Amino acid sequence: MYVRNILMVISLALSIAIGLVIARGQQAANNAAPVGPAYHPLIGLSLDTLKEARWQSDRDNFRARCEALGAKVIVDEANSDDSRQAEDVQSLLAAGVKVLVIVAHDGNAMSKSVIEAHNQGIPVIAYDRMVMNCPLDLYMSFDNVKVGHQQAQYLVDHLPTQGHGKIVRIYGSPTDNNARMFKQGQDEVLDPLIRSKAIEVVHEDWADDWKPENAKRIMNAAIAKGVQYQAVLASNDGTAGGAIQALKENGLAGKILVTGQDADLDACQRIASGTQSMTIYKPVKALATLAAERAVDMANGGRVASNATVNNGQIDVPSILHEVYSVTKDNMLDTVVKDGFHSYDEIYGDLPAADRPARPQ
């Protein structure tokens, strides 16, 4: 009888122990990223703005690739408002995203949002714009210092007197770390020439929020000085467009060299017609597609390899940096058109037939 009671106690204890193991296993399974054909991880994409065509392209390509991989995407756009973007991130976290991808309006202001995501165990990718002073998981962008370097080198090489002249500099948004990286690349080329007085900067300023109207205001201020200059080093196509509008209103469009970046359709059309000199083509489809793949990998618990690191003030952030390409009238067909970024008809359709290059076969 005594032995039977002992066996019953042992059996009961084993049953309880097995039950606890099963329960803990079930809890661990619930906390882990689900896998299998029925799993559709939720990815959050927080965008600064969609006012520029470039960001619409990033959004569409990112979402298409995520969905092709079985993930679902929620996209929020902050309209260049830091408070709204912070609220967007909170909303995405509350929705249960497994990975957060941020295109920051202000790389400093968004650091708290990254920390909040990390406190909830959600990895964060900074897409194209670095988020400063926080424990980012991954930074994906283009070589932004190289962008500025290519802009400035083109300007120096194509001044009426090569390597010598007076210029206007229009920087990007002071809240965007990329704008400072573009300037860094530009400075690497220009500073020695400025010190030797081969290049003189007659006017310079930052264009808040990258707005063309702010660039136009800066350009008008330069024009109002009444000094001569041969080129405008504009940091992107939006600011180039604002500067060119001011030049046009003063009868100078097409007479002054103007740089740009992003290969926006309007900019490519301006290059074809001769009012803008160059732009930087950044294969955003390739970057957005790769970002989607990395986000889904992270959502599934995978580790992501990087090819570089970029310091954000707190850590050396694992980074993936894509190549960039200088585009002019001479190589437009071999870059932007060949890649299908813009079509031949989109770029050249409004030009007289005699001014169009031969259509690619």
# chains A, B, ... in the order shown; residues from 1 in each chain; ligands from 1
>>> residues_around(residues="A:Asn312", least_positions_apart="5", cutoff="10 Å", atoms="only C-alpha atoms", output="PyMOL selection string")
chain A and resi 107-108+130-136+139+177+317
>>> write_last_selection(atoms="C-alpha atoms", output="PDB file, in the first residue's frame")
ATOM      1  CA  GLY A 107      17.986  61.830 -37.723  1.00  0.00           C
ATOM      2  CA  ASN A 108      18.431  63.153 -34.187  1.00  0.00           C
ATOM      3  CA  MET A 130      20.960  57.669 -40.650  1.00  0.00           C
ATOM      4  CA  VAL A 131      19.289  57.892 -37.242  1.00  0.00           C
ATOM      5  CA  MET A 132      21.787  59.280 -34.783  1.00  0.00           C
ATOM      6  CA  ASN A 133      22.860  58.276 -31.266  1.00  0.00           C
ATOM      7  CA  CYS A 134      20.904  55.049 -30.913  1.00  0.00           C
ATOM      8  CA  PRO A 135      21.450  51.270 -31.175  1.00  0.00           C
ATOM      9  CA  LEU A 136      20.432  50.745 -34.798  1.00  0.00           C
ATOM     10  CA  TYR A 139      21.735  51.217 -42.037  1.00  0.00           C
ATOM     11  CA  ASN A 177      22.415  63.734 -41.814  1.00  0.00           C
ATOM     12  CA  VAL A 317      26.166  50.703 -37.336  1.00  0.00           C
TER      13      VAL A 317
END
>>> select_by_dssp(residues="stretch 16-201 of chain A", states="helix (DSSP H, G or I)", output="ChimeraX atom specification")
/A:16-31,53-68,82-94,111-119,144-158,177-195
>>> residues_around(residues="A:Thr161", least_positions_apart="5", cutoff="12 Å", atoms="only C-alpha atoms", output="short mmCIF file (atom, residue, chain, number, x, y, z; two decimals) with C-alpha atoms, in the first residue's frame")
data_model
loop_
_atom_site.label_atom_id
_atom_site.label_comp_id
_atom_site.auth_asym_id
_atom_site.auth_seq_id
_atom_site.Cartn_x
_atom_site.Cartn_y
_atom_site.Cartn_z
CA LEU A 155 31.37 71.07 -61.22
CA VAL A 156 35.14 71.64 -60.99
CA LYS A 166 32.90 81.47 -58.62
CA ALA A 198 40.95 78.91 -57.46
CA ILE A 199 37.32 78.52 -56.37
CA TYR A 229 29.28 83.15 -60.82
CA GLN A 230 29.54 80.25 -63.20
CA ALA A 231 27.94 77.34 -61.33
#
>>> residues_around(residues="A:Asp297", least_positions_apart="6", cutoff="10 Å", atoms="only C-alpha atoms", output="ChimeraX atom specification")
/A:41,69,99,291,303-304
>>> closest_residue(among="A:Ala267, A:Val201, A:Ala109, A:Leu92", to="A:Leu42", atoms="only C-alpha atoms")
A:Leu92
>>> residues_around(residues="A:Trp206", least_positions_apart="3", cutoff="9 Å", atoms="only C-alpha atoms", output="list in words")
Arg169, Ile170, Tyr171, Gly172, Ser173, Pro174, Trp210, Asn214, Ala215 and Ile218 of chain A
>>> select_by_dssp(residues="stretch 249-319 of chain A", states="strand (DSSP E)", output="list in words")
Leu257, Val258, Thr279, Ile280, Tyr281, Ala308, Thr309, Val310, Asn311, Asp316, Val317, Pro318 and Ser319 of chain A
>>> write_last_selection(atoms="C-alpha atoms", output="compact mmCIF listing (two decimals), in the first residue's frame")
# COMPACT_ATOMS: atom_id res chain seq x y z
CA LEU A 257 26.10 75.02 -64.58
CA VAL A 258 23.74 73.36 -62.05
CA THR A 279 22.36 64.52 -61.52
CA ILE A 280 23.34 61.50 -59.45
CA TYR A 281 21.48 58.29 -60.26
CA ALA A 308 30.48 48.47 -44.13
CA THR A 309 29.93 50.31 -40.87
CA VAL A 310 28.89 53.94 -40.35
CA ASN A 311 29.16 55.60 -36.96
CA ASP A 316 29.39 51.70 -35.61
CA VAL A 317 26.17 50.70 -37.34
CA PRO A 318 26.34 47.64 -39.63
CA SER A 319 25.67 49.13 -43.06
>>> decode(residues="stretch 111-128 of chain A", atoms="N, CA and C atoms", output="PDB file, in the first residue's frame")
ATOM      1  N   SER A 111      15.862  59.223 -32.751  1.00  0.00           N
ATOM      2  CA  SER A 111      16.629  58.282 -31.927  1.00  0.00           C
ATOM      3  C   SER A 111      15.773  57.702 -30.802  1.00  0.00           C
ATOM      4  N   LYS A 112      14.899  58.504 -30.209  1.00  0.00           N
ATOM      5  CA  LYS A 112      14.035  58.013 -29.133  1.00  0.00           C
ATOM      6  C   LYS A 112      13.096  56.918 -29.651  1.00  0.00           C
ATOM      7  N   SER A 113      12.643  57.055 -30.876  1.00  0.00           N
ATOM      8  CA  SER A 113      11.748  56.055 -31.451  1.00  0.00           C
ATOM      9  C   SER A 113      12.468  54.731 -31.664  1.00  0.00           C
ATOM     10  N   VAL A 114      13.742  54.804 -32.064  1.00  0.00           N
ATOM     11  CA  VAL A 114      14.524  53.579 -32.232  1.00  0.00           C
ATOM     12  C   VAL A 114      14.708  52.890 -30.885  1.00  0.00           C
ATOM     13  N   ILE A 115      15.019  53.677 -29.856  1.00  0.00           N
ATOM     14  CA  ILE A 115      15.196  53.117 -28.513  1.00  0.00           C
ATOM     15  C   ILE A 115      13.902  52.478 -28.027  1.00  0.00           C
ATOM     16  N   GLU A 116      12.778  53.130 -28.291  1.00  0.00           N
ATOM     17  CA  GLU A 116      11.480  52.583 -27.896  1.00  0.00           C
ATOM     18  C   GLU A 116      11.217  51.250 -28.587  1.00  0.00           C
ATOM     19  N   ALA A 117      11.538  51.179 -29.874  1.00  0.00           N
ATOM     20  CA  ALA A 117      11.363  49.919 -30.605  1.00  0.00           C
ATOM     21  C   ALA A 117      12.251  48.828 -30.012  1.00  0.00           C
ATOM     22  N   HIS A 118      13.477  49.174 -29.718  1.00  0.00           N
ATOM     23  CA  HIS A 118      14.396  48.186 -29.136  1.00  0.00           C
ATOM     24  C   HIS A 118      13.912  47.702 -27.773  1.00  0.00           C
ATOM     25  N   ASN A 119      13.325  48.597 -27.009  1.00  0.00           N
ATOM     26  CA  ASN A 119      12.798  48.194 -25.699  1.00  0.00           C
ATOM     27  C   ASN A 119      11.688  47.155 -25.841  1.00  0.00           C
ATOM     28  N   GLN A 120      11.056  47.140 -27.014  1.00  0.00           N
ATOM     29  CA  GLN A 120      10.003  46.150 -27.282  1.00  0.00           C
ATOM     30  C   GLN A 120      10.532  44.956 -28.082  1.00  0.00           C
ATOM     31  N   GLY A 121      11.860  44.905 -28.263  1.00  0.00           N
ATOM     32  CA  GLY A 121      12.460  43.782 -28.971  1.00  0.00           C
ATOM     33  C   GLY A 121      12.305  43.835 -30.471  1.00  0.00           C
ATOM     34  N   ILE A 122      12.035  45.024 -31.031  1.00  0.00           N
ATOM     35  CA  ILE A 122      11.821  45.172 -32.473  1.00  0.00           C
ATOM     36  C   ILE A 122      13.082  45.730 -33.121  1.00  0.00           C
ATOM     37  N   PRO A 123      13.695  45.006 -34.070  1.00  0.00           N
ATOM     38  CA  PRO A 123      14.875  45.534 -34.765  1.00  0.00           C
ATOM     39  C   PRO A 123      14.494  46.676 -35.706  1.00  0.00           C
ATOM     40  N   VAL A 124      15.461  47.576 -35.930  1.00  0.00           N
ATOM     41  CA  VAL A 124      15.199  48.780 -36.723  1.00  0.00           C
ATOM     42  C   VAL A 124      16.249  48.941 -37.819  1.00  0.00           C
ATOM     43  N   ILE A 125      15.760  49.218 -39.018  1.00  0.00           N
ATOM     44  CA  ILE A 125      16.618  49.554 -40.159  1.00  0.00           C
ATOM     45  C   ILE A 125      16.443  51.047 -40.459  1.00  0.00           C
ATOM     46  N   ALA A 126      17.548  51.788 -40.491  1.00  0.00           N
ATOM     47  CA  ALA A 126      17.515  53.174 -40.979  1.00  0.00           C
ATOM     48  C   ALA A 126      17.725  53.118 -42.482  1.00  0.00           C
ATOM     49  N   TYR A 127      16.722  53.573 -43.219  1.00  0.00           N
ATOM     50  CA  TYR A 127      16.756  53.463 -44.682  1.00  0.00           C
ATOM     51  C   TYR A 127      17.138  54.803 -45.296  1.00  0.00           C
ATOM     52  N   ASP A 128      18.278  54.838 -45.947  1.00  0.00           N
ATOM     53  CA  ASP A 128      18.819  55.965 -46.706  1.00  0.00           C
ATOM     54  C   ASP A 128      19.197  57.163 -45.853  1.00  0.00           C
TER      55      ASP A 128
END
